[in-house]
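Visitor: Can you keep this structure in mind? I'll have questions shortly.
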Amino acid sequence: MSGMDGLFSYQTLVHAVAGAAGSVVAMTTFFPLDTVRSRLQLEENREAKNTLTMLVELTKEEGFTTLYRGMVPVLESLCASNFVYFYTFHGLKALRATSAEQSAGKDLLLASVAGVVNVLLTTPLWVVNTRLKMKGLNSGSGSIQHAGDQYSGLFDGLVKMARQEGVGSLWNGTIPSLMLVSNPAIQFMTYEAIKRRLHAAYGEQNMSGLVYFFVGAVAKAVATVATYPLQLVQTKLRHGHNYEDLPPDAGTMKITHYILKKYGLLGLYKGMEAKLLQTILTAALMFAAYEKIANFVFKLLLHHQEVSSKLK
């Protein structure tokens, strides 16, 4: 299928719904790892330790529920974000090419465009949920670090941020987010390239969920290592940094330069172990769930079409 019919088709919608559902399944499963990553990125006085130690430490200090703080708004944002991304990517794919014309370069281009669309539409959701995730923490820093305490949920946070800090504040961190379009673009390019080779070698019907899991893991590992410093700075821009000798509105370059000067190159990779573990496992499970959900729905649609044609 190609052309505008492909952009507004059941197939494109199925990919979007399956991608959104797969991301929710994956994030729900591995959410505590995302909590560890956020805490290491945002709390300068917290020593970076291995992930298991951090999970035990946080549970002892603040209780088991702290590992799931802010999960609902994260899932809401993730669901919306992945729906937009998968819909745009597969819609553009249907517009541009048939499977015979697909290539890694075209996948990278389409994934980058999908990423830009996603960032521009969903950044406000991520800005608010980053604050909600740190809600109730006594970080000993300025008022912006406690802003999330005022919000009862995602929608409430969007409204209050727009009123109190201006509509523009909802797009804090957009520049590094746009630069980070390279992360899912590299991920999707790698994933699609490996998947095409496996389909050609073994056939699509012979691909198991475990194979998709490992392909997704490899793709996300490559993308995460390449772009982690930008993710760190993006988190600080969204939540607000607590560097006393930097202005509250410090931008991407100032924060990056400050971290390099004070902590060295390793400072830009603080929390990466937790991020790698969380993001690889989450992406791997997301892709495995996405493929299985999409294949299941497509089989149902095909069966429905066959039944309908027989009745006619």
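For the structure tokens, the naming scheme is as follows: chains receive sequential letters (A, B, ...) according to their order of presentation, residues are indexed from 1 within each chain, and ligands are indexed from 1 in presentation order.
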With only C-alpha atoms as the counted atoms, please give the residues lying no more than 9 Å from Ala294 of chain A, apart from itself and same-chain residues fewer than 5 positions off, as a CSV table (one decimal) with N, CA, C and O atoms, in the first residue's frame.

Guide:
chain,number,residue,atom,x,y,z
A,11,GLN,N,-3.8,-0.2,8.5
A,11,GLN,CA,-2.4,-0.8,8.8
A,11,GLN,C,-1.6,0.2,9.5
A,11,GLN,O,-0.9,-0.2,10.5
A,14,VAL,N,-2.9,0.4,13.1
A,14,VAL,CA,-2.5,-0.8,13.8
A,14,VAL,C,-1.0,-0.7,14.3
A,14,VAL,O,-0.8,-1.0,15.5
A,15,HIS,N,-0.1,-0.2,13.5
A,15,HIS,CA,1.3,-0.1,13.9
A,15,HIS,C,1.4,0.9,15.1
A,15,HIS,O,2.1,0.7,16.0
A,17,VAL,N,-1.1,1.8,17.3
A,17,VAL,CA,-1.7,1.3,18.5
A,17,VAL,C,-0.8,0.2,19.1
A,17,VAL,O,-0.6,0.1,20.3
A,18,ALA,N,-0.2,-0.7,18.2
A,18,ALA,CA,0.7,-1.7,18.7
A,18,ALA,C,1.9,-1.2,19.3
A,18,ALA,O,2.4,-1.6,20.4
A,19,GLY,N,2.5,-0.1,18.7
A,19,GLY,CA,3.7,0.5,19.3
A,19,GLY,C,3.4,1.2,20.6
A,19,GLY,O,4.2,1.1,21.6
A,289,ALA,N,6.7,-7.0,22.0
A,289,ALA,CA,5.3,-6.8,22.2
A,289,ALA,C,4.6,-6.2,21.0
A,289,ALA,O,3.6,-6.6,20.5
A,299,LYS,N,-3.6,-10.5,11.5
A,299,LYS,CA,-4.2,-11.8,11.2
A,299,LYS,C,-5.7,-11.7,11.4
A,299,LYS,O,-6.5,-12.3,10.6

Visitor: Can you pull out every residue within 8 Å of Thr279 of chain A, counting only C-alpha atoms, but drop anything in the same chain fewer than 6 positions away, and send it as a list in words?

Guide: Asp34, Lys220, Ala221 and Thr224 of chain A

Visitor: Tell me which protein, DNA and RNA residues are within 12 Å of Arg197 of chain A, counting only C-alpha atoms, leaving out same-chain ones fewer than 5 positions away, and put them as a list in words.

Guide: Gln102, Ser103, Ala104, Thr190, Tyr191, Glu192, Tyr202, Gly203, Glu204, Met207 and Val215 of chain A

Visitor: Need the shell around Ile186 of chain A: protein/DNA/RNA residues with any atom at most 9 Å away, counting only C-alpha atoms. Skip same-chain ones fewer than 5 positions apart. Format as a count of residues only?

Guide: 10

Visitor: For atom CA of Lys236 of chain A and atom CA of Lys262 of chain A, quote the distance in Å rounded to one decimal.

Guide: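 Pair atom CA of Lys236 of chain A / atom CA of Lys262 of chain A returns 15.6 Å.
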
Visitor: Have a look at atom CA of Tyr68 of chain A and atom CA of Lys133 of chain A and let me know their distance in Å, one decimal.

Guide: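 Computed distance, atom CA of Tyr68 of chain A to atom CA of Lys133 of chain A, equals 8.7 Å.
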
Visitor: Record the distance separating atom CA of Phe213 of chain A and atom CA of Leu58 of chain A, expressed in Å with one decimal.

Guide: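 Distance reported for this atom pair: 28.8 Å.
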
Visitor: List as a list in words the protein and nucleic acid residues near Leu158 of chain A, meaning an atom at most 10 Å away when only C-alpha atoms are counted, but skip any in the same chain fewer than 2 places from it.

Guide: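 The neighbour list is Pro124, Leu125, Val127, Val128, Asn129, Tyr151, Gly153, Leu154, Phe155, Asp156, Lys160, Met161, Ala162, Arg163, Val167, Ser169 and Leu170 of chain A.
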
Visitor: Can those selected residues be exported to a file as a PDB file, in the first residue's frame so that it contains C-alpha atoms?

Guide:
ATOM      1  CA  PRO A 124       5.015  19.324  27.154  1.00  0.00           C
ATOM      2  CA  LEU A 125       3.927  15.886  28.414  1.00  0.00           C
ATOM      3  CA  VAL A 127       8.377  18.230  30.832  1.00  0.00           C
ATOM      4  CA  VAL A 128       5.498  17.825  33.293  1.00  0.00           C
ATOM      5  CA  ASN A 129       6.021  14.138  33.989  1.00  0.00           C
ATOM      6  CA  TYR A 151       0.569  19.092  40.350  1.00  0.00           C
ATOM      7  CA  GLY A 153      -1.563  14.875  37.528  1.00  0.00           C
ATOM      8  CA  LEU A 154      -0.395  15.341  33.967  1.00  0.00           C
ATOM      9  CA  PHE A 155      -3.229  17.592  32.758  1.00  0.00           C
ATOM     10  CA  ASP A 156      -3.126  19.669  35.958  1.00  0.00           C
ATOM     11  CA  LYS A 160      -0.410  25.168  35.947  1.00  0.00           C
ATOM     12  CA  MET A 161       2.932  25.353  34.135  1.00  0.00           C
ATOM     13  CA  ALA A 162       1.351  27.337  31.298  1.00  0.00           C
ATOM     14  CA  ARG A 163      -0.277  29.760  33.765  1.00  0.00           C
ATOM     15  CA  VAL A 167       3.310  28.430  27.650  1.00  0.00           C
ATOM     16  CA  SER A 169       8.042  26.634  29.573  1.00  0.00           C
ATOM     17  CA  LEU A 170       6.166  23.537  28.403  1.00  0.00           C
TER      18      LEU A 170
END

Visitor: Which of these residues is nearest to Tyr290 of chain A, using only C-alpha atoms: A:Tyr87, A:Tyr10, A:Tyr212, A:Phe30?

Guide: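 When distances to Tyr290 of chain A are compared using only C-alpha atoms, the smallest one comes from A:Tyr212.
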
Visitor: Would you mind listing what lies within 9 Å of segment 69-81 of chain A as a count of residues only, with only C-alpha atoms counted and same-chain residues fewer than 5 positions away left out?

Guide: 30

Visitor: Of the candidates A:Asn172, A:Gln305, A:Gln205, A:Thr227, which one gets nearest to Asp249 of chain A if we count only C-alpha atoms?

Guide: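 The closest residue to Asp249 of chain A is A:Asn172.
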
Visitor: Go through A:Gly168, A:Pro248, A:Gly63, A:Gly173 and flag the residue nearest Leu230 of chain A, using only C-alpha atoms for the distances.

Guide: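 Result for the nearest residue to Leu230 of chain A: A:Gly173.
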
Visitor: When you count only C-alpha atoms, which of these residues is closest to Leu95 of chain A: A:Ser9, A:Thr29, A:Arg39, A:Val116?

Guide: A:Ser9

Visitor: Output as a ChimeraX atom specification all residues of segment 65-296 of chain A that backbone DSSP marks as helix (DSSP H, G or I).

Guide: /A:65-68,71-96,99-101,104-133,143-150,154-165,167-171,174-179,182-202,204-206,209-239,252-263,265-269,272-296
